[in-house]
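A.B. asks: Below you will find the structure I want to go over with you.
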Amino acid sequence: MKKSLILFLICSLFLTGCVEKEILDDLYVETAKAYDYVGENKIRGTALFPIYLSDKSIQNGTLSAEASSTREVLEKLERRAQQPLVRGSLDVVLIGEKLAKKGIIDIGDSLQRDASIGARLYVTIVDGDAGELIKGNYGLRGNGTYISNLITHNIKRRELPETNLHLFLFNYFQEGQTAYLPILKQLSNESIAITGIALFDKDKMVKKIPAEDMFFFKILVDKLAEGSHVIKMGKKPGAAEETVEASVTSLISKHKIIIKHKADPVEVTMRIKVRGIVREYTGKKLTHDKVGEVEKKMEKDIEEKCLTMLKEFQEIGIDPVGIGQNQKHGVRGFDIKEWKESIYPHVKFNVDAKVQILEAGTVE
């Protein structure tokens with residue numbers, strides 16, 4: 001036993017010596033990458049990497065190359081880099097809207113085949129040029145970290161549904177659900193905002209959800225754990241142009257899809273439950289009756305907007321909510337072709353919303 005332990009320690013020592021060591025300052029560690037369509041079936045790839053200066057500040061370094069495939073882009077970038085490009089710390093991949101409309105599965109496939117890249121990498125669509133956005137100057141910790149933190153914050157505390165490379169590819173390959181990704185826009189050289197959600201038919205972007213409708217989209221496809229929504233209650237008494245508003249925050253939501261499989265046409269009901277707190281009310285006094293009005297108005301807004309969305313998805317032939325997935329698990333011998341061509345286009349949708357105001361906070 002003692003001899004075996006000694007032999008093991010000696011082997012471990014030799015093996016440790018065989019590991020190739022690399023110094024961080026001698027590498028370009030990519031934190032973000034951008035892809036844009038530049039015409040003539042060519043794409044431009046832009047790699048972003050932090051350069052650590054002597055005063056401990058971070059400078060954003062970039063390299064760009066154009067080619068006909070993502071693999072060729074990577075090879076050209078390597079030939080232009082004075083130090084090895086390493087993708088193990090990649091936080092986010094940005095894809096220009098023009099390229100997204102042509103198809104992005106080649107990029108997704110390239111990313112998933114790289115063992116050094118995590119499946120929780122964020123993939124986003126850019127309203128405009130992704131290469132220009134990535135060259136901005138955002139925050140003090142580098143652009144890649146800034147953009148990644150921006151997306152994480154909006155998933156956890158705002159109206160952006162959970163998203164990453166793994167979820168995008170999962171929705172792309174599975175039957176009965178289509179994919180979606182967040183949309184970013186550069187507001188200035190120092191500012192970026194999430195301006196909507198891109199909806200896909202397979203790997204091609206076909207529709208946008210604008211920022212003002214992201215709340216309704218998220219309660220259809222995901223759960224709210226926090227966030228806020230403003231309810232417009234109508235005109236103030238004696239004020240022709242002023243509107244009474246109620247700000248409902250600390251929102252928690254969940255939804256349930258109920259399908260009547262044997263109905264003709266198939267009938268789908270989305271049951272949505274939302275709980276929250278009124279933090280601000282611009283009317284005179286927030287009484288118990290007024291709280292009830294806020295609940296009813298919010299329920300009406302959710303039902304009308306979500307029903308409109310579901311019908312728009314149906315008309316385009318996409319299914320980001322996953323109605324087909326639920327139908328697939330409820331029907332023996334499910335035929336995806338029959339579902340897409342004959343059943344889904346005629347589905348009857350209903351939305352049943354229930355809003356509960358737990359307490360009324362500050363009133364104005």
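Scheme for the structure tokens: letters A, B, ... for chains in order shown; per-chain residue numbers from 1; ligand numbers from 1 in order shown.
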Can you list, as a ChimeraX atom specification, every protein, DNA or RNA residue that comes within 12 Å of range 283-296 of chain A when you count only C-alpha atoms, leaving out same-chain residues fewer than 4 positions away?

C.D. replies: /A:229-239,242-248,273-279,300-303,352-364

A.B. asks: Can you pull out every residue within 9 Å of Val221 in chain A, counting only C-alpha atoms, but drop anything in the same chain fewer than 6 positions away, and send it as a list in words?

C.D. replies: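 So the residues in contact are Pro161, His255, Pro320, Val321 and Gly322 of chain A.
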
A.B. asks: Show me, as a CSV table (one decimal) with all heavy atoms, in the first residue's frame, the residues that have an atom within 7 Å of range 187-192 of chain A when counting only C-alpha atoms, minus same-chain residues fewer than 6 positions from it.

C.D. replies:
```
chain,number,residue,atom,x,y,z
A,136,GLY,N,-17.9,50.1,-28.5
A,136,GLY,CA,-18.2,51.2,-27.6
A,136,GLY,C,-17.3,51.2,-26.4
A,136,GLY,O,-16.3,50.4,-26.2
A,137,ASN,N,-17.7,52.0,-25.4
A,137,ASN,CA,-16.9,52.1,-24.1
A,137,ASN,C,-17.9,52.1,-23.0
A,137,ASN,O,-18.3,53.1,-22.5
A,137,ASN,CB,-16.0,53.3,-24.1
A,137,ASN,CG,-15.1,53.4,-22.9
A,137,ASN,OD1,-14.8,52.4,-22.3
A,137,ASN,ND2,-14.7,54.6,-22.5
A,138,TYR,N,-18.2,50.9,-22.5
A,138,TYR,CA,-19.3,50.7,-21.5
A,138,TYR,C,-18.7,50.3,-20.1
A,138,TYR,O,-18.1,49.2,-20.0
A,138,TYR,CB,-20.3,49.7,-22.0
A,138,TYR,CG,-20.7,49.8,-23.4
A,138,TYR,CD1,-20.3,48.9,-24.3
A,138,TYR,CD2,-21.3,51.0,-23.9
A,138,TYR,CE1,-20.6,49.0,-25.7
A,138,TYR,CE2,-21.6,51.1,-25.2
A,138,TYR,CZ,-21.3,50.1,-26.1
A,138,TYR,OH,-21.6,50.2,-27.5
```

A.B. asks: Could you please write out, as a PyMOL selection string, every residue of range 113-359 of chain A that DSSP assigns to alpha helix (DSSP H)?

C.D. replies: chain A and resi 113+130-134+143-157+165-173+214-221+288-316+323-330+336-338

A.B. asks: Looking at only C-alpha atoms, which of A:Ile252, A:Pro345, A:Phe217, A:Gly333 is the one that sits closest to Leu307 in chain A?

C.D. replies: A:Phe217

A.B. asks: Neighbouring residues of Gly61 in chain A were defined as those with any atom within 8 Å, considering only C-alpha atoms; residues of the same chain fewer than 6 positions away were excluded. Please report them as a PyMOL selection string.

C.D. replies: chain A and resi 48-51

A.B. asks: Restricting it to N, CA and C atoms, dump the selection as a JSON list (two decimals), in the first residue's frame.

C.D. replies:
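Generated output (selection.json):
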```json
[["chain", "number", "residue", "atom", "x", "y", "z"],
["A", 48, "LEU", "N", -13.71, 40.73, -29.24],
["A", 48, "LEU", "CA", -13.46, 41.72, -28.19],
["A", 48, "LEU", "C", -12.68, 41.06, -27.06],
["A", 49, "PHE", "N", -11.63, 41.70, -26.61],
["A", 49, "PHE", "CA", -10.82, 41.16, -25.51],
["A", 49, "PHE", "C", -10.31, 42.31, -24.66],
["A", 50, "PRO", "N", -10.24, 42.14, -23.34],
["A", 50, "PRO", "CA", -9.75, 43.21, -22.46],
["A", 50, "PRO", "C", -8.22, 43.29, -22.49],
["A", 51, "ILE", "N", -7.73, 44.51, -22.47],
["A", 51, "ILE", "CA", -6.29, 44.74, -22.33],
["A", 51, "ILE", "C", -6.08, 45.44, -20.99]]
```

A.B. asks: Could you give me, as a list in words, the residues within 6 Å of Pro182 in chain A, counting only C-alpha atoms and dropping anything in the same chain fewer than 4 positions from it?

C.D. replies: Thr124, Ile197 and Ala198 of chain A

A.B. asks: Please run DSSP on the backbone and report, as an mmCIF file with N, CA and C atoms, in the first residue's frame, all residues within range 88-300 of chain A that come out as strand (DSSP E or B).

C.D. replies:
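Listed below is the output, part-v1.cif:
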```cif
data_model
loop_
_atom_site.group_PDB
_atom_site.id
_atom_site.type_symbol
_atom_site.label_atom_id
_atom_site.label_comp_id
_atom_site.auth_asym_id
_atom_site.auth_seq_id
_atom_site.Cartn_x
_atom_site.Cartn_y
_atom_site.Cartn_z
ATOM 1 N N VAL A 92 -20.696 36.713 -24.207
ATOM 2 C CA VAL A 92 -21.829 37.080 -25.049
ATOM 3 C C VAL A 92 -21.417 37.106 -26.516
ATOM 4 N N VAL A 93 -22.345 36.683 -27.377
ATOM 5 C CA VAL A 93 -22.163 36.768 -28.824
ATOM 6 C C VAL A 93 -23.269 37.659 -29.383
ATOM 7 N N LEU A 94 -22.880 38.674 -30.147
ATOM 8 C CA LEU A 94 -23.812 39.640 -30.717
ATOM 9 C C LEU A 94 -23.943 39.386 -32.216
ATOM 10 N N ILE A 95 -25.180 39.357 -32.707
ATOM 11 C CA ILE A 95 -25.433 39.081 -34.118
ATOM 12 C C ILE A 95 -26.257 40.219 -34.711
ATOM 13 N N GLY A 96 -25.764 40.819 -35.764
ATOM 14 C CA GLY A 96 -26.476 41.914 -36.414
ATOM 15 C C GLY A 96 -27.809 41.459 -36.993
ATOM 16 N N TYR A 122 -24.514 34.014 -23.456
ATOM 17 C CA TYR A 122 -25.638 34.787 -23.977
ATOM 18 C C TYR A 122 -25.455 35.035 -25.479
ATOM 19 N N VAL A 123 -26.535 34.839 -26.217
ATOM 20 C CA VAL A 123 -26.567 35.173 -27.646
ATOM 21 C C VAL A 123 -27.632 36.248 -27.823
ATOM 22 N N THR A 124 -27.290 37.346 -28.477
ATOM 23 C CA THR A 124 -28.234 38.447 -28.629
ATOM 24 C C THR A 124 -28.245 38.951 -30.070
ATOM 25 N N ILE A 125 -29.347 39.603 -30.442
ATOM 26 C CA ILE A 125 -29.474 40.249 -31.734
ATOM 27 C C ILE A 125 -29.259 41.752 -31.539
ATOM 28 N N VAL A 126 -28.626 42.387 -32.500
ATOM 29 C CA VAL A 126 -28.343 43.829 -32.406
ATOM 30 C C VAL A 126 -29.167 44.582 -33.442
ATOM 31 N N TYR A 180 -36.323 32.369 -29.387
ATOM 32 C CA TYR A 180 -36.324 33.836 -29.285
ATOM 33 C C TYR A 180 -35.043 34.284 -28.598
ATOM 34 N N LEU A 181 -34.622 35.508 -28.884
ATOM 35 C CA LEU A 181 -33.406 36.080 -28.317
ATOM 36 C C LEU A 181 -33.624 37.569 -28.026
ATOM 37 N N PRO A 182 -32.892 38.135 -27.065
ATOM 38 C CA PRO A 182 -33.032 39.578 -26.776
ATOM 39 C C PRO A 182 -32.423 40.440 -27.877
ATOM 40 N N ILE A 183 -32.935 41.657 -27.999
ATOM 41 C CA ILE A 183 -32.411 42.631 -28.960
ATOM 42 C C ILE A 183 -31.746 43.773 -28.200
ATOM 43 N N LEU A 184 -30.514 44.100 -28.600
ATOM 44 C CA LEU A 184 -29.784 45.217 -28.013
ATOM 45 C C LEU A 184 -29.655 46.348 -29.037
ATOM 46 N N LYS A 185 -29.549 47.560 -28.529
ATOM 47 C CA LYS A 185 -29.323 48.712 -29.402
ATOM 48 C C LYS A 185 -28.353 49.668 -28.731
ATOM 49 N N GLN A 186 -27.427 50.190 -29.511
ATOM 50 C CA GLN A 186 -26.474 51.170 -29.000
ATOM 51 C C GLN A 186 -27.126 52.549 -29.004
ATOM 52 N N LEU A 187 -27.271 53.136 -27.827
ATOM 53 C CA LEU A 187 -27.866 54.465 -27.713
ATOM 54 C C LEU A 187 -26.821 55.561 -27.872
ATOM 55 N N SER A 188 -25.610 55.289 -27.419
ATOM 56 C CA SER A 188 -24.490 56.209 -27.580
ATOM 57 C C SER A 188 -23.225 55.376 -27.446
ATOM 58 N N SER A 191 -23.531 53.807 -23.968
ATOM 59 C CA SER A 191 -24.810 53.324 -23.453
ATOM 60 C C SER A 191 -25.455 52.317 -24.403
ATOM 61 N N ILE A 192 -26.009 51.238 -23.816
ATOM 62 C CA ILE A 192 -26.726 50.198 -24.550
ATOM 63 C C ILE A 192 -28.048 49.956 -23.831
ATOM 64 N N ALA A 193 -29.083 49.561 -24.583
ATOM 65 C CA ALA A 193 -30.367 49.218 -23.975
ATOM 66 C C ALA A 193 -30.927 47.973 -24.644
ATOM 67 N N ILE A 194 -31.712 47.211 -23.873
ATOM 68 C CA ILE A 194 -32.477 46.099 -24.436
ATOM 69 C C ILE A 194 -33.766 46.699 -24.981
ATOM 70 N N THR A 195 -33.977 46.568 -26.289
ATOM 71 C CA THR A 195 -35.097 47.250 -26.935
ATOM 72 C C THR A 195 -36.186 46.300 -27.417
ATOM 73 N N GLY A 196 -36.068 45.024 -27.131
ATOM 74 C CA GLY A 196 -37.107 44.095 -27.547
ATOM 75 C C GLY A 196 -36.626 42.660 -27.564
ATOM 76 N N ILE A 197 -37.435 41.810 -28.186
ATOM 77 C CA ILE A 197 -37.125 40.384 -28.284
ATOM 78 C C ILE A 197 -37.317 39.959 -29.736
ATOM 79 N N ALA A 198 -36.326 39.230 -30.273
ATOM 80 C CA ALA A 198 -36.397 38.728 -31.641
ATOM 81 C C ALA A 198 -37.013 37.334 -31.638
ATOM 82 N N LEU A 199 -38.007 37.108 -32.498
ATOM 83 C CA LEU A 199 -38.662 35.811 -32.623
ATOM 84 C C LEU A 199 -38.179 35.127 -33.891
ATOM 85 N N PHE A 200 -37.998 33.812 -33.810
ATOM 86 C CA PHE A 200 -37.400 33.067 -34.905
ATOM 87 C C PHE A 200 -38.345 32.003 -35.458
ATOM 88 N N ASP A 201 -38.231 31.780 -36.764
ATOM 89 C CA ASP A 201 -38.800 30.607 -37.425
ATOM 90 C C ASP A 201 -37.596 29.767 -37.812
ATOM 91 N N LYS A 204 -34.133 31.733 -38.487
ATOM 92 C CA LYS A 204 -34.283 33.048 -39.114
ATOM 93 C C LYS A 204 -35.199 33.951 -38.292
ATOM 94 N N MET A 205 -34.747 35.163 -38.033
ATOM 95 C CA MET A 205 -35.552 36.146 -37.308
ATOM 96 C C MET A 205 -36.701 36.612 -38.199
ATOM 97 N N VAL A 206 -37.935 36.559 -37.663
ATOM 98 C CA VAL A 206 -39.111 36.906 -38.466
ATOM 99 C C VAL A 206 -39.975 38.004 -37.836
ATOM 100 N N LYS A 207 -39.760 38.304 -36.552
ATOM 101 C CA LYS A 207 -40.615 39.305 -35.886
ATOM 102 C C LYS A 207 -39.915 39.854 -34.651
ATOM 103 N N LYS A 208 -40.292 41.090 -34.282
ATOM 104 C CA LYS A 208 -39.791 41.720 -33.058
ATOM 105 C C LYS A 208 -40.921 41.924 -32.060
ATOM 106 N N ILE A 209 -40.627 41.689 -30.788
ATOM 107 C CA ILE A 209 -41.503 42.128 -29.699
ATOM 108 C C ILE A 209 -40.921 43.435 -29.178
ATOM 109 N N PRO A 210 -41.631 44.575 -29.290
ATOM 110 C CA PRO A 210 -41.065 45.843 -28.824
ATOM 111 C C PRO A 210 -40.938 45.874 -27.298
ATOM 112 N N SER A 228 -41.924 45.316 -12.741
ATOM 113 C CA SER A 228 -42.969 46.303 -12.515
ATOM 114 C C SER A 228 -43.763 46.508 -13.795
ATOM 115 N N HIS A 229 -44.961 47.072 -13.629
ATOM 116 C CA HIS A 229 -45.813 47.366 -14.780
ATOM 117 C C HIS A 229 -46.710 48.545 -14.409
ATOM 118 N N VAL A 230 -46.883 49.466 -15.350
ATOM 119 C CA VAL A 230 -47.701 50.659 -15.110
ATOM 120 C C VAL A 230 -49.066 50.468 -15.755
ATOM 121 N N ILE A 231 -50.124 50.693 -14.951
ATOM 122 C CA ILE A 231 -51.500 50.565 -15.423
ATOM 123 C C ILE A 231 -52.076 51.960 -15.641
ATOM 124 N N LYS A 232 -52.610 52.206 -16.814
ATOM 125 C CA LYS A 232 -53.275 53.485 -17.094
ATOM 126 C C LYS A 232 -54.761 53.317 -16.770
ATOM 127 N N MET A 233 -55.233 54.112 -15.800
ATOM 128 C CA MET A 233 -56.581 53.939 -15.257
ATOM 129 C C MET A 233 -57.634 54.841 -15.906
ATOM 130 N N GLY A 234 -57.224 55.780 -16.734
ATOM 131 C CA GLY A 234 -58.175 56.716 -17.325
ATOM 132 C C GLY A 234 -57.815 58.151 -16.969
ATOM 133 N N LYS A 235 -58.617 59.091 -17.406
ATOM 134 C CA LYS A 235 -58.336 60.515 -17.193
ATOM 135 C C LYS A 235 -58.633 60.943 -15.758
ATOM 136 N N THR A 243 -53.536 61.530 -17.093
ATOM 137 C CA THR A 243 -54.032 60.165 -16.915
ATOM 138 C C THR A 243 -53.647 59.639 -15.542
ATOM 139 N N VAL A 244 -54.588 58.969 -14.890
ATOM 140 C CA VAL A 244 -54.301 58.324 -13.604
ATOM 141 C C VAL A 244 -53.527 57.043 -13.886
ATOM 142 N N GLU A 245 -52.402 56.873 -13.178
ATOM 143 C CA GLU A 245 -51.574 55.688 -13.370
ATOM 144 C C GLU A 245 -51.319 54.998 -12.035
ATOM 145 N N ALA A 246 -51.206 53.670 -12.094
ATOM 146 C CA ALA A 246 -50.838 52.878 -10.913
ATOM 147 C C ALA A 246 -49.624 52.042 -11.283
ATOM 148 N N SER A 247 -48.562 52.159 -10.507
ATOM 149 C CA SER A 247 -47.345 51.382 -10.745
ATOM 150 C C SER A 247 -47.361 50.149 -9.841
ATOM 151 N N VAL A 248 -47.450 48.981 -10.466
ATOM 152 C CA VAL A 248 -47.482 47.717 -9.724
ATOM 153 C C VAL A 248 -46.102 47.086 -9.798
ATOM 154 N N THR A 249 -45.484 46.835 -8.656
ATOM 155 C CA THR A 249 -44.116 46.306 -8.613
ATOM 156 C C THR A 249 -44.058 45.005 -7.823
ATOM 157 N N SER A 250 -42.834 44.483 -7.679
ATOM 158 C CA SER A 250 -42.592 43.211 -6.987
ATOM 159 C C SER A 250 -43.502 42.123 -7.545
ATOM 160 N N LEU A 251 -43.597 42.100 -8.867
ATOM 161 C CA LEU A 251 -44.523 41.184 -9.527
ATOM 162 C C LEU A 251 -44.019 39.742 -9.515
ATOM 163 N N ILE A 252 -44.936 38.845 -9.226
ATOM 164 C CA ILE A 252 -44.665 37.406 -9.320
ATOM 165 C C ILE A 252 -45.745 36.819 -10.220
ATOM 166 N N SER A 253 -45.339 36.056 -11.228
ATOM 167 C CA SER A 253 -46.337 35.492 -12.142
ATOM 168 C C SER A 253 -46.037 34.030 -12.451
ATOM 169 N N LYS A 254 -47.043 33.326 -12.837
ATOM 170 C CA LYS A 254 -46.901 31.970 -13.369
ATOM 171 C C LYS A 254 -48.049 31.735 -14.343
ATOM 172 N N HIS A 255 -47.831 30.809 -15.256
ATOM 173 C CA HIS A 255 -48.870 30.539 -16.248
ATOM 174 C C HIS A 255 -49.049 29.026 -16.425
ATOM 175 N N LYS A 256 -50.193 28.670 -16.945
ATOM 176 C CA LYS A 256 -50.514 27.268 -17.206
ATOM 177 C C LYS A 256 -51.222 27.181 -18.547
ATOM 178 N N ILE A 257 -50.794 26.225 -19.367
ATOM 179 C CA ILE A 257 -51.405 26.017 -20.680
ATOM 180 C C ILE A 257 -52.384 24.854 -20.587
ATOM 181 N N ILE A 258 -53.641 25.117 -20.893
ATOM 182 C CA ILE A 258 -54.683 24.081 -20.860
ATOM 183 C C ILE A 258 -55.173 23.862 -22.292
ATOM 184 N N ILE A 259 -55.088 22.629 -22.769
ATOM 185 C CA ILE A 259 -55.460 22.318 -24.152
ATOM 186 C C ILE A 259 -56.593 21.294 -24.173
ATOM 187 N N LYS A 260 -57.632 21.624 -24.902
ATOM 188 C CA LYS A 260 -58.700 20.666 -25.175
ATOM 189 C C LYS A 260 -58.351 19.973 -26.491
ATOM 190 N N GLU A 267 -58.739 23.805 -28.723
ATOM 191 C CA GLU A 267 -58.902 25.031 -27.931
ATOM 192 C C GLU A 267 -57.795 25.120 -26.881
ATOM 193 N N VAL A 268 -57.138 26.271 -26.837
ATOM 194 C CA VAL A 268 -56.021 26.490 -25.912
ATOM 195 C C VAL A 268 -56.351 27.665 -24.997
ATOM 196 N N THR A 269 -56.255 27.430 -23.680
ATOM 197 C CA THR A 269 -56.487 28.489 -22.694
ATOM 198 C C THR A 269 -55.199 28.741 -21.917
ATOM 199 N N MET A 270 -54.761 30.002 -21.896
ATOM 200 C CA MET A 270 -53.605 30.398 -21.089
ATOM 201 C C MET A 270 -54.127 30.984 -19.782
ATOM 202 N N ARG A 271 -53.857 30.303 -18.675
ATOM 203 C CA ARG A 271 -54.239 30.808 -17.349
ATOM 204 C C ARG A 271 -53.025 31.472 -16.716
ATOM 205 N N ILE A 272 -53.172 32.761 -16.439
ATOM 206 C CA ILE A 272 -52.056 33.555 -15.930
ATOM 207 C C ILE A 272 -52.427 34.128 -14.567
ATOM 208 N N LYS A 273 -51.561 33.911 -13.596
ATOM 209 C CA LYS A 273 -51.761 34.470 -12.256
ATOM 210 C C LYS A 273 -50.626 35.428 -11.945
ATOM 211 N N VAL A 274 -50.982 36.637 -11.508
ATOM 212 C CA VAL A 274 -50.001 37.671 -11.195
ATOM 213 C C VAL A 274 -50.290 38.249 -9.820
ATOM 214 N N ARG A 275 -49.254 38.385 -9.014
ATOM 215 C CA ARG A 275 -49.373 39.050 -7.709
ATOM 216 C C ARG A 275 -48.375 40.192 -7.638
ATOM 217 N N GLY A 276 -48.782 41.301 -7.003
ATOM 218 C CA GLY A 276 -47.882 42.437 -6.913
ATOM 219 C C GLY A 276 -48.320 43.448 -5.873
ATOM 220 N N ILE A 277 -47.577 44.536 -5.796
ATOM 221 C CA ILE A 277 -47.808 45.602 -4.821
ATOM 222 C C ILE A 277 -47.900 46.932 -5.557
ATOM 223 N N VAL A 278 -48.886 47.740 -5.225
ATOM 224 C CA VAL A 278 -48.985 49.082 -5.806
ATOM 225 C C VAL A 278 -48.025 50.000 -5.056
ATOM 226 N N ARG A 279 -46.996 50.468 -5.763
ATOM 227 C CA ARG A 279 -45.995 51.340 -5.155
ATOM 228 C C ARG A 279 -46.293 52.820 -5.381
ATOM 229 N N GLU A 280 -47.036 53.102 -6.442
ATOM 230 C CA GLU A 280 -47.323 54.507 -6.744
ATOM 231 C C GLU A 280 -48.686 54.601 -7.419
ATOM 232 N N TYR A 281 -49.443 55.614 -7.020
ATOM 233 C CA TYR A 281 -50.765 55.849 -7.598
ATOM 234 C C TYR A 281 -50.930 57.349 -7.766
#
```

A.B. asks: Give me the residues within 7 Å of range 64-74 of chain A as a JSON list (two decimals) with C-alpha atoms, in the first residue's frame, counting only C-alpha atoms and dropping any in the same chain fewer than 4 places off.

C.D. replies:
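Listed below is the output, result_3.json:
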```
[["chain", "number", "residue", "atom", "x", "y", "z"],
["A", 41, "ASN", "CA", -22.60, 35.99, -48.75],
["A", 42, "LYS", "CA", -19.86, 37.26, -46.47],
["A", 43, "ILE", "CA", -19.93, 37.88, -42.73],
["A", 44, "ARG", "CA", -17.70, 40.05, -40.58],
["A", 45, "GLY", "CA", -16.58, 38.75, -37.22],
["A", 46, "THR", "CA", -15.29, 41.08, -34.50],
["A", 47, "ALA", "CA", -13.52, 39.70, -31.43],
["A", 78, "GLU", "CA", -5.99, 34.18, -35.50],
["A", 107, "ILE", "CA", -22.88, 30.43, -35.56]]
```

A.B. asks: Using CA of Leu150 in chain A and CA of Asp127 in chain A as the two end points, give the distance in Å to one decimal.

C.D. replies: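 Between these atoms lies a distance of 16.0 Å.
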